Amino acid sequence: MHSALRAIPVGLVAGLCAAVVAWYLVGDVSTAPTDGTRGLDPPAALEALPWLTGVVAGVGLACCVLAVVRRWAAASPVVLCVVAGLLVGWAGRVMTAAVIGANIGGGLMMLIGLPLAGILVLVAVVTALVIARRAQRDARMSKPDPSATAM
C-alpha cells in the first residue's frame, strides 16, 4: 500500500484526536452558566474522565505525527484532517457554551464550521488518492523497457 493511501486512515485518526485535544485546550467558554442557555449538551464521554481522554488523544495525535515524520503516510492529507479536527473541536466548545447568545454562535458553527471541516476531509481523501495515482503512474513509467535492451 502506498503511503498516500495509508494517509487516509492516519489522517482520520489524527483529525479525531485533534478534535478531542482542541476540545480540552479551548476549555469551557461559558460565561454565565446559571443564566445562559446551552445549544447542545457536552458529550458525556468527554466529560467523564477529562484528563485521561485528553492524554489519550494527545498520544494518538503524536503517533499520527510520527507516522508522517517517518514517511509511513503522506503529510498533506493528514495536515488537512488535523485542521478539520481542530475546527470540529472548537465548534464543539462554541456549540456547548452556556452563554446568552449560544444560539447564534452554535448556529454559525453548524452552518459554516462543520461543512468546512467536511470539505477539508473530502479534499484530504481526494489529495491522498491523487498522490497515490501519480506515484503509481510514475513507477509504471520509470520501469525500463526489456525489449529495448534485448538483441
# chains A, B, ... in the order shown; residues from 1 in each chain; ligands from 1

call {"tool": "select_by_dssp", "arguments": {"residues": "chain A", "states": "alpha helix (DSSP H)", "output": "VMD selection string"}}
result
chain A and resid 3 to 26 44 to 48 50 to 69 75 to 95 102 to 108 114 to 141 146 to 149

call {"tool": "select_by_dssp", "arguments": {"residues": "segment 12-142 of chain A", "states": "strand (DSSP E)", "output": "number ranges by chain"}}
result
A: 37-38, 98-99

call {"tool": "write_last_selection", "arguments": {"atoms": "N, CA and C atoms", "output": "CSV table (one decimal), in the first residue's frame"}}
result
chain,number,residue,atom,x,y,z
A,37,THR,N,-28.1,29.7,28.3
A,37,THR,CA,-28.7,28.5,27.8
A,37,THR,C,-27.6,27.8,26.9
A,38,ARG,N,-27.8,26.5,26.8
A,38,ARG,CA,-26.9,25.7,26.0
A,38,ARG,C,-27.6,25.3,24.7
A,98,ALA,N,-22.5,27.7,27.6
A,98,ALA,CA,-23.7,28.2,28.2
A,98,ALA,C,-23.6,29.7,28.3
A,99,VAL,N,-24.0,30.4,27.3
A,99,VAL,CA,-24.0,31.9,27.2
A,99,VAL,C,-25.3,32.4,26.7

call {"tool": "residues_around", "arguments": {"residues": "segment 15-32 of chain A", "least_positions_apart": "3", "cutoff": "9 Å", "atoms": "only C-alpha atoms", "output": "mmCIF file with C-alpha atoms, in the first residue's frame"}}
result
data_model
loop_
_atom_site.group_PDB
_atom_site.id
_atom_site.type_symbol
_atom_site.label_atom_id
_atom_site.label_comp_id
_atom_site.auth_asym_id
_atom_site.auth_seq_id
_atom_site.Cartn_x
_atom_site.Cartn_y
_atom_site.Cartn_z
ATOM 1 C CA VAL A 10 -3.946 8.009 9.690
ATOM 2 C CA GLY A 11 -5.478 11.379 8.820
ATOM 3 C CA LEU A 12 -8.913 10.399 10.081
ATOM 4 C CA ASP A 35 -28.256 32.447 33.297
ATOM 5 C CA GLY A 36 -27.107 31.185 29.913
ATOM 6 C CA THR A 37 -28.663 28.521 27.772
ATOM 7 C CA LEU A 46 -15.574 13.823 27.048
ATOM 8 C CA PRO A 50 -11.364 14.701 31.140
ATOM 9 C CA TRP A 51 -7.621 14.409 31.766
ATOM 10 C CA THR A 53 -9.306 11.349 27.464
ATOM 11 C CA GLY A 54 -7.175 14.390 26.658
ATOM 12 C CA VAL A 55 -3.923 12.498 27.317
ATOM 13 C CA VAL A 56 -5.003 9.538 25.157
ATOM 14 C CA ALA A 57 -5.986 11.913 22.342
ATOM 15 C CA GLY A 58 -2.671 13.755 22.657
ATOM 16 C CA VAL A 59 -0.739 10.473 22.452
ATOM 17 C CA GLY A 60 -2.799 9.448 19.419
ATOM 18 C CA LEU A 61 -2.069 12.739 17.719
ATOM 19 C CA VAL A 78 -3.002 14.260 7.403
ATOM 20 C CA VAL A 79 -2.496 18.002 7.889
ATOM 21 C CA LEU A 80 -5.867 18.738 6.272
ATOM 22 C CA CYS A 81 -7.571 16.233 8.580
ATOM 23 C CA VAL A 82 -5.862 17.726 11.639
ATOM 24 C CA VAL A 83 -7.072 21.213 10.658
ATOM 25 C CA ALA A 84 -10.591 19.810 10.219
ATOM 26 C CA GLY A 85 -10.346 18.152 13.645
ATOM 27 C CA LEU A 86 -9.222 21.388 15.287
ATOM 28 C CA LEU A 87 -12.165 23.167 13.689
ATOM 29 C CA VAL A 88 -14.592 20.499 14.921
ATOM 30 C CA GLY A 89 -13.197 20.658 18.478
ATOM 31 C CA TRP A 90 -13.502 24.430 18.529
ATOM 32 C CA ALA A 91 -17.012 24.245 17.067
ATOM 33 C CA GLY A 92 -17.952 21.731 19.753
ATOM 34 C CA ARG A 93 -16.913 24.120 22.503
ATOM 35 C CA VAL A 94 -18.778 27.020 20.884
ATOM 36 C CA THR A 96 -21.926 23.671 24.031
ATOM 37 C CA ALA A 97 -21.164 27.008 25.697
ATOM 38 C CA ALA A 98 -23.710 28.228 28.226
ATOM 39 C CA VAL A 99 -23.952 31.871 27.189
ATOM 40 C CA ILE A 100 -26.749 34.221 26.326
ATOM 41 C CA VAL A 121 -11.722 15.898 4.979
#

call {"tool": "closest_residue", "arguments": {"among": "A:Ala4, A:Leu120, A:Ile104, A:Val68", "to": "Arg134 of chain A", "atoms": "only C-alpha atoms"}}
result
A:Ala4

call {"tool": "closest_residue", "arguments": {"among": "A:Met95, A:Ser76, A:Ala124, A:Asp138", "to": "Gly107 of chain A", "atoms": "only C-alpha atoms"}}
result
A:Met95

call {"tool": "atom_distance", "arguments": {"atom1": "atom CA of Val125 of chain A", "atom2": "atom CA of Leu108 of chain A"}}
result
25.5 Å
